[in-house]
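Asker: Here you go, one structure.
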Amino acid sequence: MIYSSGSKIKIFACNSNRSLAEAIAKKVGLELGDAVVQKFSDGEISVQINETIRGADVYIIQSTSYPVNDNLMELLIMIDAMKRASAARITAVMPYYGYARQDRKARARDPISAKLVANLLTSAGANRVLTMDLHCAQIQGFFDIPVDNLVGNPLLTDYYIQKYGDSLNDFVAVSPDLGSVGRTRQFAEKLNIPLAIIDKRRPRPNVSEITNIIGDVAGKKVILVDDMIDTAGTITNAANALKERGAVEVDACCTHAVLSGPAIKRIEDSAITELLVLDTIELPEEKKITKITSVSVEEIFANAIKCIHDGTSISQLFD
């Protein structure tokens, strides 16, 4: 079906992050579309769309966070329902893209699940994907449809600029591993502060060991920068190691607060003073501790949706 920029825009949401979806729709100037996503008694997912979407430019907001498989299936089934109801274009808005860490064969006979999810989204009928801070930017190449990968760094750096102002001269940005160096360098350049790097090894999944710190952190306040925090082992080990090596204060920030398993207790018991996160994943009440501060991504996603709908460039949103 040929999309026209004159098509009516409609925004729907599944169940993973309804509060963010409502905030994004409000910023766009719309109400969320009338749809119900629930389960049958045997656990199968049911989607019911209660308004016409024929010829509409449809945006479905869903983070594929915990429970990952349920949330992914909700998204796939809603995309299929929209396609069969003759939507002109379907954009999967995924503030957090689950399975992104399984992006290559690290060992023999490993799956590449990030590619499988890309195939599923395309096969279901998505015409475009809008996401933020993919764990590996090359995942965009797994798709044969357009993928807009927004960046969370400007939201994080703006927070620290407003909070610390001129006193940022006392800070050092720290990458918790070699894989996050590029992201942390951009963060440090925006704040005009030095960069340090932690060298770690990972003997098994969700376990990390600090081996060395490259850069001077003694007598400095530091900000650890990562794209996601899962069990918080890496970030808390890094924070404690920095404190032991003379850092005066340790803050941390990330885009995606996965925070599974022992994450909350580790953060509470760690040297981290404040953990700044974006709300790409909804935090349940039991995870809203005093150390965690959340900044919303509603405006950047709303602006991206407007740009996509109007057929204008979204490149300014990457600044």
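Chains: A, B, ... in order of the structure tokens. Residues: from 1 per chain. Ligands: from 1, in order shown.
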Tell me, as a PyMOL selection string, which residues lie within 12 Å of Ser315 of chain A, counting only C-alpha atoms; anything in the same chain fewer than 3 positions away does not count.
Answerer: chain A and resi 148-151+300+303-304+307-308+312+318-319
Asker: Output the selection as a compact mmCIF listing (two decimals), in the first residue's frame - N, CA and C atoms for each residue.
Answerer:
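Writing the result to selection.txt gives the following:
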# COMPACT_ATOMS: atom_id res chain seq x y z
N ASP A 148 15.17 4.07 12.52
CA ASP A 148 15.66 5.31 13.11
C ASP A 148 16.09 5.02 14.54
N ASN A 149 17.39 5.15 14.79
CA ASN A 149 17.96 4.84 16.10
C ASN A 149 18.30 6.14 16.82
N LEU A 150 17.36 6.63 17.64
CA LEU A 150 17.56 7.87 18.37
C LEU A 150 18.64 7.69 19.44
N VAL A 151 19.21 8.80 19.89
CA VAL A 151 20.27 8.73 20.90
C VAL A 151 19.80 9.39 22.19
N ILE A 300 11.42 13.61 22.68
CA ILE A 300 12.22 13.24 21.52
C ILE A 300 11.48 12.22 20.65
N ASN A 303 8.67 14.13 18.80
CA ASN A 303 9.23 14.91 17.69
C ASN A 303 9.61 14.01 16.53
N ALA A 304 10.16 12.82 16.85
CA ALA A 304 10.54 11.88 15.79
C ALA A 304 9.30 11.39 15.03
N CYS A 307 8.18 14.11 12.70
CA CYS A 307 9.07 14.21 11.53
C CYS A 307 8.81 13.09 10.54
N ILE A 308 8.66 11.86 11.04
CA ILE A 308 8.41 10.72 10.15
C ILE A 308 7.08 10.90 9.42
N THR A 312 9.85 14.76 7.08
CA THR A 312 10.98 15.67 7.24
C THR A 312 12.12 14.95 7.96
N PHE A 318 19.34 14.08 16.71
CA PHE A 318 20.54 13.37 17.14
C PHE A 318 21.54 14.31 17.82
N ASP A 319 21.23 15.61 17.85
CA ASP A 319 22.11 16.58 18.47
C ASP A 319 21.69 16.91 19.88
Asker: So that each row is one residue of segment 39-84 of chain A with an atom at most 8 Å from segment 121-129 of chain A, can you give its shortest atom pair and the distance in Å to one decimal, using only C-alpha atoms, rows by chain and rising number, as a Markdown table?
Answerer:
| residue | atom | partner | partner_atom | distance |
| --- | --- | --- | --- | --- |
| A:Leu76 | CA | A:Ala124 | CA | 5.9 |
| A:Ile77 | CA | A:Ala124 | CA | 7.5 |
| A:Ile79 | CA | A:Gly125 | CA | 6.0 |
| A:Asp80 | CA | A:Ala124 | CA | 5.2 |
| A:Lys83 | CA | A:Gly125 | CA | 6.0 |
Asker: Using N, CA, C and O atoms, can you write the selected residues to a file as a compact mmCIF listing (two decimals), in the first residue's frame?
Answerer:
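Okay, this is what ended up in selection33.txt:
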# COMPACT_ATOMS: atom_id res chain seq x y z
N LEU A 76 4.07 -7.95 17.85
CA LEU A 76 3.94 -8.64 16.57
C LEU A 76 2.47 -8.84 16.19
O LEU A 76 2.07 -8.63 15.03
N ILE A 77 1.66 -9.24 17.17
CA ILE A 77 0.25 -9.50 16.88
C ILE A 77 -0.49 -8.20 16.56
O ILE A 77 -1.34 -8.15 15.67
N ILE A 79 0.88 -5.52 15.19
CA ILE A 79 1.32 -5.14 13.84
C ILE A 79 0.52 -5.92 12.80
O ILE A 79 0.03 -5.37 11.80
N ASP A 80 0.38 -7.23 13.03
CA ASP A 80 -0.38 -8.06 12.10
C ASP A 80 -1.83 -7.60 11.99
O ASP A 80 -2.40 -7.53 10.90
N LYS A 83 -1.96 -4.44 9.92
CA LYS A 83 -1.75 -4.72 8.49
C LYS A 83 -3.03 -5.27 7.87
O LYS A 83 -3.43 -4.85 6.78
Asker: Can you check which residues of segment 23-269 of chain A DSSP gives as alpha helix (DSSP H) on the backbone and send them as a PyMOL selection string?
Answerer: chain A and resi 23-28+68-84+113-124+153-164+181-191+233-244+263-269
Asker: Calculated over only C-alpha atoms, which of the candidates A:Val36, A:Ile61, A:Ile49, A:Leu242 has the smallest distance to Arg18 of chain A?
Answerer: A:Ile61
Asker: If you run DSSP on this backbone, which residues of segment 16-200 of chain A come out as strand (DSSP E or B), and could you give them as number ranges by chain?
Answerer: A: 35-39, 45-49, 57-61, 89-94, 128-132, 147-150, 171-175, 195-200
Asker: One number please: atom CA of Thr184 of chain A to atom CA of Leu156 of chain A, in Å, one decimal.
Answerer: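 The value is 11.3 Å.
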Asker: Between A:Met82, A:Asn192, A:Gln140, A:Gln102, which residue has the minimum interatomic distance to Gly165 of chain A, considering only C-alpha atoms?
Answerer: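 When distances to Gly165 of chain A are compared using only C-alpha atoms, the smallest one comes from A:Asn192.
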Asker: As an exercise, work out the distance from atom CA of Ile305 of chain A to atom CA of Ala25 of chain A in Å and give it to one decimal place.
Answerer: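 So the two atoms, atom CA of Ile305 of chain A and atom CA of Ala25 of chain A, lie 9.5 Å apart.
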Asker: What is the distance between atom CA of Thr273 of chain A and atom CA of Glu249 of chain A, in Å to one decimal?
Answerer: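 Between these atoms lies a distance of 7.0 Å.
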Asker: Could you check the closest approach to Val250 of chain A for each of A:Thr157, A:Ile197, A:Val174, A:Glu22 and tell me which residue wins, using only C-alpha atoms?
Answerer: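 Once distances to Val250 of chain A are computed over only C-alpha atoms, the minimum belongs to A:Val174.
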Asker: Pick out the residues sitting within 7 Å of segment 88-93 of chain A, and hand them over as a CSV table (one decimal) with C-alpha atoms, in the first residue's frame; count only C-alpha atoms, and ignore anything fewer than 3 positions along from it in its own chain.
Answerer:
chain,number,residue,atom,x,y,z
A,1,MET,CA,0.0,0.0,0.0
A,2,ILE,CA,1.3,3.5,-0.9
A,3,TYR,CA,1.7,5.8,2.0
A,54,ARG,CA,-7.8,2.0,7.1
A,55,GLY,CA,-5.4,4.2,5.3
A,56,ALA,CA,-3.9,5.6,8.5
A,57,ASP,CA,-0.2,6.2,9.4
A,58,VAL,CA,0.0,4.0,12.5
A,59,TYR,CA,2.5,4.1,15.3
A,60,ILE,CA,2.6,1.3,17.9
A,61,ILE,CA,4.5,2.0,21.1
A,62,GLN,CA,6.0,-1.0,22.8
A,126,ALA,CA,6.1,-3.3,10.1
A,127,ASN,CA,7.2,-0.7,7.5
A,128,ARG,CA,9.6,1.1,9.9
A,129,VAL,CA,11.2,0.9,13.3
A,130,LEU,CA,11.8,3.8,15.6
A,131,THR,CA,14.0,3.0,18.6
Asker: Quick one: residues within 9 Å of Asn169 of chain A, only C-alpha atoms counted, chain neighbours fewer than 6 positions away excluded, as a list in words?
Answerer: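 Result of the neighbour search: Leu191, Asn192, Ile193 and Pro194 of chain A.
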Asker: Find the residue from A:Ala241, A:Ile281, A:Ile229, A:Val68 that sits nearest to Cys253 of chain A; use only C-alpha atoms when measuring.
Answerer: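 Answer, going by the shortest atom-to-atom distance: A:Ile229.
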Asker: Could you check the closest approach to Ser65 of chain A for each of A:Val248, A:Leu155, A:Val181, A:Leu283 and tell me which residue wins, using only C-alpha atoms?
Answerer: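 Using only C-alpha atoms, the shortest distance to Ser65 of chain A belongs to A:Leu283.
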Asker: So which one's closest to Glu74 of chain A, A:Ala35, A:Ala87, A:Ala100, A:Leu195? Using only C-alpha atoms, please.
Answerer: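 Looking at the shortest contact to Glu74 of chain A, the residue is A:Ala35.
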Asker: Fewer than 6 positions away in the same chain doesn't count, so skip those; otherwise give me all residues within 9 Å of Ala118 of chain A, counting only C-alpha atoms, as a tab-separated table (two decimals) with N, CA, C and O atoms, in the first residue's frame.
Answerer:
chain	number	residue	atom	x	y	z
A	139	ILE	N	22.83	-3.32	14.31
A	139	ILE	CA	21.56	-4.04	14.23
A	139	ILE	C	20.66	-3.40	13.18
A	139	ILE	O	19.81	-4.07	12.59
A	140	GLN	N	20.84	-2.11	12.93
A	140	GLN	CA	20.06	-1.45	11.87
A	140	GLN	C	20.23	-2.18	10.54
A	140	GLN	O	19.30	-2.21	9.72
A	142	PHE	N	20.37	-5.30	10.12
A	142	PHE	CA	19.61	-6.55	10.11
A	142	PHE	C	18.25	-6.38	9.44
A	142	PHE	O	17.58	-7.35	9.12
A	143	PHE	N	17.84	-5.13	9.26
A	143	PHE	CA	16.52	-4.83	8.71
A	143	PHE	C	16.61	-4.48	7.23
A	143	PHE	O	17.59	-3.88	6.78
A	144	ASP	N	15.54	-4.81	6.48
A	144	ASP	CA	15.39	-4.35	5.11
A	144	ASP	C	14.34	-3.25	5.03
A	144	ASP	O	13.84	-2.94	3.94
Asker: Compile the contact shell of Asp177 of chain A as a list in words: residues with an atom at most 8 Å away, counting only C-alpha atoms, same-chain residues fewer than 2 positions apart removed.
Answerer: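 With the cut-off at 8 Å, the set is Ser175, Gly179, Ser180, Val181, Ile197, Ile198, Asp199 and Lys200 of chain A.
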